[in-house]
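These notes are about the structure you will find just below.
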Amino acid sequence: MTKILKFFKPYLGNIAAAIVLLFLQANAELALPDYMSKIVDIGILKGGEGQGQAAYILRMGGAMLALTLAAVAATVAVGYFGSRTAAGVARDLRRALFAKVQDFSAAEMDKFSTASLITRSTNDITQIQMVSNMALRMLFFAPIIGIGGVIRATSKASSMWWIIALAVGLLLSIILIVFAIALPKFKKIQALVDKLNLVARENLTGMMVIRAFSTQGREKERFDAVNKDLTGTMLFVSRGMAVMMPLIMLIMNLVSILIVWVGAGEIAQAKIQIGDMMAFMQYSMQIFFSFLMMSMMFIMIPRASISAERIHQVLATEISVRDPETPATLPAQVKGIVRFESVSFRYPGSSEDVLHRIDFTALPGQVTAIIGTTGAGKTTLVSLIPRFYDPTEGRVSIDGVDVRTLEQKSLRQAIGFVPQKSSLFSGTVESNLRYAKEDASEKEIQKALGTAQAEEFVAALPERTLSPVSQGGANFSGGQRQRLAIARALMKKAPVLIFDDSFSALDYRTDKKLRRALAEGVGDRSLILVTQRVATIKNAHQIIVLDEGRMVGKGTHLELMETCEVYRDIALSQLSREELA
């Protein structure tokens, strides 16, 4: 929780100013019943008739008006400081949360779902913002009013103190009961919001699959089940609040009747005056409202504390891939020699390795292909180069420098990476290509598009490179997205290029043309290519064959056809012997 509280430090001045103003507002409101008491007892009952009485009432009334205006001004100022503090804390929390997630390695991203991170960045922070604003107004104001009201009420009619004690006891009982029932539900609400976001996100991203299988009805039932669960939980909490409010109002009204009944007897015995009874009643109402405000905070704070804990979980997460305190540096001219030395890897929390003692070297100017059965660990293997994960054992190096000793930024500047799922950002074709190199010239853009075999379809777009790209590149086909992602990687001109199954959506003709263009355009860069297609890697200088996380073959296509059974089975399942020769 200390990680959350520190976000309030920059706003301590606002909080202090608000507390001072709340103190002044509370004192003004506490003084009003006393002035009313004086008007009734002195101005009306004892003041007689004539100008003296009218002047006294006007003078007291003017003082009450001034106090009311001061209280209103203080309320507005407190609202300003409260809103400024709450909005600022929410902004800083969102910024910190976003920055933290940006530093997450793949291991941390596996720990938190995307839907949960979105909920924490929006709904949970909104809860903290709302409670921060209300807490500043109520949490400090209510005790001042409550304690001040008790002191002033007993000073007006000390014999009726037991009425306040009885009412406060009943109020506290109701609040504690509701609190005990509602608290366990708040954690469930946030978990259900996560689940609702997950279902909604899966439906939106998988809409085409849902339609293709005509499962809209099933998805509606799935969403409806989660939605009803969330609604039922929210209604349970809301009903608790709804029951509490009328009970509190009933107690307040009964207390008012009790005060009048008991007070009438006290007045008849000349123990108190009418004005004192009226002031006692108003102070009692102020005390009840202070408890009402505190009860609202007691309901809201637990939910906000759960939200704060969820945000704290993200902020307190230890990053598994960190920059070293004294990072090494790559040579001024990076050659791009990538070496795996007895590399093993297991996912956090797993008891078994998914990669076992991998050894190979990818040389500049050569194509190193990685192929294997599904789930063999191909993507995991290449993810170790840019340090999306760190190896459990062994060493991955570039030009002889262990990647774990490098600053992540400098390491990744030496790598051009195209993931399995091609990701494009909303904007234009040009802005997506400039993502790799902001100051790229038009000539460089056209060259990258040409090498990636994207020049033709981009030229056919209405605005060419200025044509819009929708979120995720949804307005382009899978093959077009892959070619644009490849062009973006080529724009970087990095000495190491990694293509993780980046040709899967391309037809064989485009695949062949792209491979030829890469062979001509890559030059002396190291090209590491993960693929499922044997035809794509037939001419690779080196092919690494993986099976269940183990390297079962290494060599050229012809060598592996002779020596590696796994490679031969994959090859024969795709091409004829004549095509493989």
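Note on naming: chains are A, B, ... as they come in the structure tokens, residues start from 1 per chain, ligands start from 1 in the order shown.
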### Message
Can you pull out every residue from segment 389-560 of chain A that DSSP, working from the backbone, puts in helix (DSSP H, G or I), and format the result as an NGL selection string?
### Response
:A and (403-405 or 408-413 or 429-433 or 442-451 or 455-459 or 464-466 or 471-473 or 478-491 or 508-521 or 534-537 or 557-560)
Please provide as a JSON list (two decimals) with C-alpha atoms, in the first residue's frame all residues within 8 Å of segment 271-279 of chain A, with the sequence filter that same-chain residues fewer than 3 positions apart are discarded (counting only C-alpha atoms).
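Generated output (part.json):
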```json
[["chain", "number", "residue", "atom", "x", "y", "z"],
["A", 33, "PRO", "CA", -27.61, 26.30, 15.71],
["A", 34, "ASP", "CA", -26.18, 28.45, 18.51],
["A", 36, "MET", "CA", -30.64, 30.14, 16.05],
["A", 37, "SER", "CA", -30.92, 29.40, 19.77],
["A", 38, "LYS", "CA", -30.09, 33.01, 20.62],
["A", 39, "ILE", "CA", -32.63, 34.37, 18.13],
["A", 40, "VAL", "CA", -35.37, 32.21, 19.66],
["A", 41, "ASP", "CA", -34.49, 32.66, 23.33],
["A", 153, "ALA", "CA", -25.19, 19.50, 22.11],
["A", 156, "LYS", "CA", -27.01, 23.01, 25.51],
["A", 157, "ALA", "CA", -28.87, 20.13, 27.23],
["A", 259, "ILE", "CA", -35.86, 15.00, 21.60],
["A", 260, "VAL", "CA", -39.09, 17.03, 21.33],
["A", 263, "GLY", "CA", -37.20, 18.34, 25.72],
["A", 266, "GLU", "CA", -37.21, 19.67, 30.43],
["A", 267, "ILE", "CA", -38.65, 23.01, 29.28],
["A", 268, "ALA", "CA", -41.72, 22.56, 31.51],
["A", 282, "GLN", "CA", -29.92, 20.52, 15.08],
["A", 283, "TYR", "CA", -26.66, 19.36, 16.65]]
```
Return as a PDB file with N, CA, C and O atoms, in the first residue's frame the full set of residues in segment 275-441 of chain A whose backbone-based DSSP assignment is strand (DSSP E or B).
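Okay, this is what ended up in part_23.pdb:
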```pdb
ATOM      1  N   ALA A 328      27.289  -3.890 -20.038  1.00  0.00           N
ATOM      2  CA  ALA A 328      28.341  -3.987 -21.051  1.00  0.00           C
ATOM      3  C   ALA A 328      27.881  -3.259 -22.310  1.00  0.00           C
ATOM      4  O   ALA A 328      26.725  -2.819 -22.397  1.00  0.00           O
ATOM      5  N   VAL A 338      25.259 -14.352 -33.529  1.00  0.00           N
ATOM      6  CA  VAL A 338      24.391 -14.792 -32.433  1.00  0.00           C
ATOM      7  C   VAL A 338      24.765 -16.217 -32.065  1.00  0.00           C
ATOM      8  O   VAL A 338      24.766 -17.115 -32.917  1.00  0.00           O
ATOM      9  N   ARG A 339      25.104 -16.412 -30.788  1.00  0.00           N
ATOM     10  CA  ARG A 339      25.554 -17.741 -30.362  1.00  0.00           C
ATOM     11  C   ARG A 339      24.729 -18.221 -29.171  1.00  0.00           C
ATOM     12  O   ARG A 339      24.530 -17.482 -28.202  1.00  0.00           O
ATOM     13  N   PHE A 340      24.237 -19.450 -29.275  1.00  0.00           N
ATOM     14  CA  PHE A 340      23.569 -20.134 -28.160  1.00  0.00           C
ATOM     15  C   PHE A 340      24.537 -21.170 -27.618  1.00  0.00           C
ATOM     16  O   PHE A 340      25.014 -22.043 -28.362  1.00  0.00           O
ATOM     17  N   GLU A 341      24.844 -21.093 -26.312  1.00  0.00           N
ATOM     18  CA  GLU A 341      25.803 -22.011 -25.697  1.00  0.00           C
ATOM     19  C   GLU A 341      25.133 -22.770 -24.553  1.00  0.00           C
ATOM     20  O   GLU A 341      24.873 -22.217 -23.485  1.00  0.00           O
ATOM     21  N   SER A 342      24.786 -24.039 -24.819  1.00  0.00           N
ATOM     22  CA  SER A 342      24.158 -24.922 -23.812  1.00  0.00           C
ATOM     23  C   SER A 342      22.977 -24.250 -23.128  1.00  0.00           C
ATOM     24  O   SER A 342      22.853 -24.247 -21.897  1.00  0.00           O
ATOM     25  N   VAL A 343      22.085 -23.673 -23.920  1.00  0.00           N
ATOM     26  CA  VAL A 343      20.963 -22.889 -23.389  1.00  0.00           C
ATOM     27  C   VAL A 343      19.794 -23.803 -23.026  1.00  0.00           C
ATOM     28  O   VAL A 343      19.326 -24.598 -23.855  1.00  0.00           O
ATOM     29  N   SER A 344      19.336 -23.665 -21.790  1.00  0.00           N
ATOM     30  CA  SER A 344      18.109 -24.332 -21.328  1.00  0.00           C
ATOM     31  C   SER A 344      17.174 -23.257 -20.775  1.00  0.00           C
ATOM     32  O   SER A 344      17.632 -22.216 -20.292  1.00  0.00           O
ATOM     33  N   PHE A 345      15.889 -23.548 -20.835  1.00  0.00           N
ATOM     34  CA  PHE A 345      14.922 -22.561 -20.348  1.00  0.00           C
ATOM     35  C   PHE A 345      13.679 -23.267 -19.828  1.00  0.00           C
ATOM     36  O   PHE A 345      13.213 -24.250 -20.399  1.00  0.00           O
ATOM     37  N   LEU A 355      13.214 -25.906 -23.109  1.00  0.00           N
ATOM     38  CA  LEU A 355      14.370 -25.965 -24.009  1.00  0.00           C
ATOM     39  C   LEU A 355      15.506 -26.675 -23.273  1.00  0.00           C
ATOM     40  O   LEU A 355      15.733 -26.428 -22.078  1.00  0.00           O
ATOM     41  N   HIS A 356      16.228 -27.539 -23.992  1.00  0.00           N
ATOM     42  CA  HIS A 356      17.266 -28.349 -23.354  1.00  0.00           C
ATOM     43  C   HIS A 356      18.581 -28.204 -24.106  1.00  0.00           C
ATOM     44  O   HIS A 356      18.723 -28.658 -25.244  1.00  0.00           O
ATOM     45  N   ARG A 357      19.544 -27.545 -23.488  1.00  0.00           N
ATOM     46  CA  ARG A 357      20.931 -27.476 -23.943  1.00  0.00           C
ATOM     47  C   ARG A 357      21.054 -27.240 -25.451  1.00  0.00           C
ATOM     48  O   ARG A 357      21.553 -28.094 -26.197  1.00  0.00           O
ATOM     49  N   ILE A 358      20.615 -26.091 -25.869  1.00  0.00           N
ATOM     50  CA  ILE A 358      20.659 -25.707 -27.286  1.00  0.00           C
ATOM     51  C   ILE A 358      22.006 -25.071 -27.599  1.00  0.00           C
ATOM     52  O   ILE A 358      22.442 -24.147 -26.909  1.00  0.00           O
ATOM     53  N   ASP A 359      22.660 -25.551 -28.659  1.00  0.00           N
ATOM     54  CA  ASP A 359      23.956 -25.002 -29.091  1.00  0.00           C
ATOM     55  C   ASP A 359      23.927 -24.755 -30.596  1.00  0.00           C
ATOM     56  O   ASP A 359      23.718 -25.692 -31.375  1.00  0.00           O
ATOM     57  N   PHE A 360      24.117 -23.513 -31.004  1.00  0.00           N
ATOM     58  CA  PHE A 360      24.322 -23.196 -32.425  1.00  0.00           C
ATOM     59  C   PHE A 360      24.791 -21.752 -32.548  1.00  0.00           C
ATOM     60  O   PHE A 360      24.686 -20.956 -31.601  1.00  0.00           O
ATOM     61  N   THR A 361      25.291 -21.409 -33.725  1.00  0.00           N
ATOM     62  CA  THR A 361      25.759 -20.044 -33.992  1.00  0.00           C
ATOM     63  C   THR A 361      25.148 -19.571 -35.298  1.00  0.00           C
ATOM     64  O   THR A 361      25.200 -20.285 -36.316  1.00  0.00           O
ATOM     65  N   ALA A 362      24.553 -18.378 -35.270  1.00  0.00           N
ATOM     66  CA  ALA A 362      24.016 -17.738 -36.478  1.00  0.00           C
ATOM     67  C   ALA A 362      25.021 -16.685 -36.931  1.00  0.00           C
ATOM     68  O   ALA A 362      25.360 -15.779 -36.155  1.00  0.00           O
ATOM     69  N   VAL A 367      21.514 -17.252 -43.561  1.00  0.00           N
ATOM     70  CA  VAL A 367      20.158 -17.497 -43.083  1.00  0.00           C
ATOM     71  C   VAL A 367      20.194 -18.717 -42.170  1.00  0.00           C
ATOM     72  O   VAL A 367      20.579 -19.812 -42.597  1.00  0.00           O
ATOM     73  N   THR A 368      19.816 -18.509 -40.923  1.00  0.00           N
ATOM     74  CA  THR A 368      19.691 -19.617 -39.965  1.00  0.00           C
ATOM     75  C   THR A 368      18.209 -19.875 -39.754  1.00  0.00           C
ATOM     76  O   THR A 368      17.483 -19.006 -39.265  1.00  0.00           O
ATOM     77  N   ALA A 369      17.754 -21.032 -40.168  1.00  0.00           N
ATOM     78  CA  ALA A 369      16.333 -21.367 -40.065  1.00  0.00           C
ATOM     79  C   ALA A 369      16.092 -22.279 -38.866  1.00  0.00           C
ATOM     80  O   ALA A 369      16.956 -23.098 -38.514  1.00  0.00           O
ATOM     81  N   ILE A 370      14.941 -22.113 -38.252  1.00  0.00           N
ATOM     82  CA  ILE A 370      14.546 -22.955 -37.117  1.00  0.00           C
ATOM     83  C   ILE A 370      13.205 -23.580 -37.454  1.00  0.00           C
ATOM     84  O   ILE A 370      12.231 -22.881 -37.743  1.00  0.00           O
ATOM     85  N   ILE A 371      13.153 -24.881 -37.427  1.00  0.00           N
ATOM     86  CA  ILE A 371      11.931 -25.609 -37.777  1.00  0.00           C
ATOM     87  C   ILE A 371      11.736 -26.711 -36.743  1.00  0.00           C
ATOM     88  O   ILE A 371      12.671 -27.121 -36.070  1.00  0.00           O
ATOM     89  N   GLY A 372      10.510 -27.173 -36.629  1.00  0.00           N
ATOM     90  CA  GLY A 372      10.248 -28.248 -35.682  1.00  0.00           C
ATOM     91  C   GLY A 372       8.767 -28.524 -35.566  1.00  0.00           C
ATOM     92  O   GLY A 372       7.936 -27.850 -36.184  1.00  0.00           O
ATOM     93  N   GLU A 393      19.568 -21.679 -17.959  1.00  0.00           N
ATOM     94  CA  GLU A 393      20.968 -22.111 -17.947  1.00  0.00           C
ATOM     95  C   GLU A 393      21.583 -21.754 -19.293  1.00  0.00           C
ATOM     96  O   GLU A 393      20.893 -21.566 -20.292  1.00  0.00           O
ATOM     97  N   GLY A 394      22.896 -21.672 -19.299  1.00  0.00           N
ATOM     98  CA  GLY A 394      23.577 -21.391 -20.552  1.00  0.00           C
ATOM     99  C   GLY A 394      23.711 -19.909 -20.836  1.00  0.00           C
ATOM    100  O   GLY A 394      23.458 -19.054 -19.983  1.00  0.00           O
ATOM    101  N   ARG A 395      24.030 -19.604 -22.088  1.00  0.00           N
ATOM    102  CA  ARG A 395      24.379 -18.233 -22.449  1.00  0.00           C
ATOM    103  C   ARG A 395      23.964 -17.947 -23.889  1.00  0.00           C
ATOM    104  O   ARG A 395      24.214 -18.750 -24.787  1.00  0.00           O
ATOM    105  N   VAL A 396      23.332 -16.790 -24.078  1.00  0.00           N
ATOM    106  CA  VAL A 396      23.025 -16.281 -25.427  1.00  0.00           C
ATOM    107  C   VAL A 396      23.849 -15.016 -25.605  1.00  0.00           C
ATOM    108  O   VAL A 396      23.820 -14.119 -24.760  1.00  0.00           O
ATOM    109  N   SER A 397      24.598 -14.936 -26.692  1.00  0.00           N
ATOM    110  CA  SER A 397      25.478 -13.783 -26.892  1.00  0.00           C
ATOM    111  C   SER A 397      25.354 -13.227 -28.299  1.00  0.00           C
ATOM    112  O   SER A 397      24.968 -13.934 -29.240  1.00  0.00           O
ATOM    113  N   ILE A 398      25.668 -11.953 -28.433  1.00  0.00           N
ATOM    114  CA  ILE A 398      25.787 -11.282 -29.729  1.00  0.00           C
ATOM    115  C   ILE A 398      27.200 -10.714 -29.807  1.00  0.00           C
ATOM    116  O   ILE A 398      27.613  -9.938 -28.922  1.00  0.00           O
ATOM    117  N   VAL A 401      29.172 -10.999 -26.606  1.00  0.00           N
ATOM    118  CA  VAL A 401      28.710 -10.311 -25.396  1.00  0.00           C
ATOM    119  C   VAL A 401      27.405 -10.949 -24.936  1.00  0.00           C
ATOM    120  O   VAL A 401      26.429 -10.998 -25.696  1.00  0.00           O
ATOM    121  N   ASP A 402      27.383 -11.448 -23.706  1.00  0.00           N
ATOM    122  CA  ASP A 402      26.173 -12.053 -23.133  1.00  0.00           C
ATOM    123  C   ASP A 402      25.047 -11.013 -23.143  1.00  0.00           C
ATOM    124  O   ASP A 402      25.222  -9.895 -22.629  1.00  0.00           O
ATOM    125  N   LEU A 406      23.839  -6.674 -21.228  1.00  0.00           N
ATOM    126  CA  LEU A 406      23.585  -5.477 -22.027  1.00  0.00           C
ATOM    127  C   LEU A 406      22.350  -4.731 -21.524  1.00  0.00           C
ATOM    128  O   LEU A 406      21.437  -5.334 -20.964  1.00  0.00           O
ATOM    129  N   ILE A 415      18.518  -5.393 -33.006  1.00  0.00           N
ATOM    130  CA  ILE A 415      17.672  -6.509 -33.459  1.00  0.00           C
ATOM    131  C   ILE A 415      16.435  -5.976 -34.172  1.00  0.00           C
ATOM    132  O   ILE A 415      15.756  -5.069 -33.677  1.00  0.00           O
ATOM    133  N   GLY A 416      16.140  -6.553 -35.319  1.00  0.00           N
ATOM    134  CA  GLY A 416      14.869  -6.307 -35.996  1.00  0.00           C
ATOM    135  C   GLY A 416      14.008  -7.543 -35.796  1.00  0.00           C
ATOM    136  O   GLY A 416      14.430  -8.658 -36.151  1.00  0.00           O
ATOM    137  N   PHE A 417      12.816  -7.363 -35.221  1.00  0.00           N
ATOM    138  CA  PHE A 417      12.016  -8.517 -34.801  1.00  0.00           C
ATOM    139  C   PHE A 417      10.622  -8.439 -35.404  1.00  0.00           C
ATOM    140  O   PHE A 417       9.964  -7.404 -35.335  1.00  0.00           O
ATOM    141  N   VAL A 418      10.180  -9.539 -36.002  1.00  0.00           N
ATOM    142  CA  VAL A 418       8.807  -9.642 -36.505  1.00  0.00           C
ATOM    143  C   VAL A 418       8.156 -10.825 -35.789  1.00  0.00           C
ATOM    144  O   VAL A 418       8.551 -11.978 -36.016  1.00  0.00           O
ATOM    145  N   GLY A 427      -3.099   4.522 -37.379  1.00  0.00           N
ATOM    146  CA  GLY A 427      -2.367   5.654 -37.964  1.00  0.00           C
ATOM    147  C   GLY A 427      -2.369   5.511 -39.471  1.00  0.00           C
ATOM    148  O   GLY A 427      -3.435   5.285 -40.075  1.00  0.00           O
ATOM    149  N   THR A 428      -1.194   5.590 -40.068  1.00  0.00           N
ATOM    150  CA  THR A 428      -1.060   5.401 -41.513  1.00  0.00           C
ATOM    151  C   THR A 428      -0.004   4.341 -41.785  1.00  0.00           C
ATOM    152  O   THR A 428       0.730   3.921 -40.872  1.00  0.00           O
TER     153      THR A 428
END
```
Distance table requested - segment 495-548 of chain A against segment 451-471 of chain A, cut-off 8 Å, only C-alpha atoms: one row per qualifying residue with the closest atom pair and its distance in Å to one decimal, ordered by chain and rising residue number, as a Markdown table.
```
| residue | atom | partner | partner_atom | distance |
| --- | --- | --- | --- | --- |
| A:Thr510 | CA | A:Gln453 | CA | 7.1 |
| A:Lys513 | CA | A:Gln453 | CA | 7.4 |
| A:Leu514 | CA | A:Ala452 | CA | 5.9 |
| A:Ala517 | CA | A:Thr451 | CA | 5.3 |
| A:Leu518 | CA | A:Thr451 | CA | 6.4 |
| A:Gly521 | CA | A:Thr451 | CA | 7.0 |
```
### Query
Between atom CA of Gly206 of chain A and atom CA of Ile486 of chain A, what is the spacing in Å?
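Those two atoms sit 24.2 Å apart.
Between Leu69 of chain A and the residues A:Leu32, A:Leu384, A:Phe213, A:Leu546, the shortest atom-to-atom distance, using only C-alpha atoms, involves A:Leu32.
Here atom CA of Leu230 of chain A and atom CA of Asn197 of chain A stand 11.4 Å from one another.
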### atom CA of Ala448 of chain A to atom CA of Gln482 of chain A, distance in Å rounded to a single decimal
13.0 Å
#### Entry: Exercise: Val566 of chain A partners within 10 Å, only C-alpha atoms, chain neighbours under 5 positions left out, as a PyMOL selection string
chain A and resi 371-373+545-547+552-553+560-561+571
### Query
Using only C-alpha atoms, which residues sit within 9 Å of Ile163 of chain A once same-chain residues fewer than 6 positions away are excluded, as a PyMOL selection string?
chain A and resi 255+258-259+284
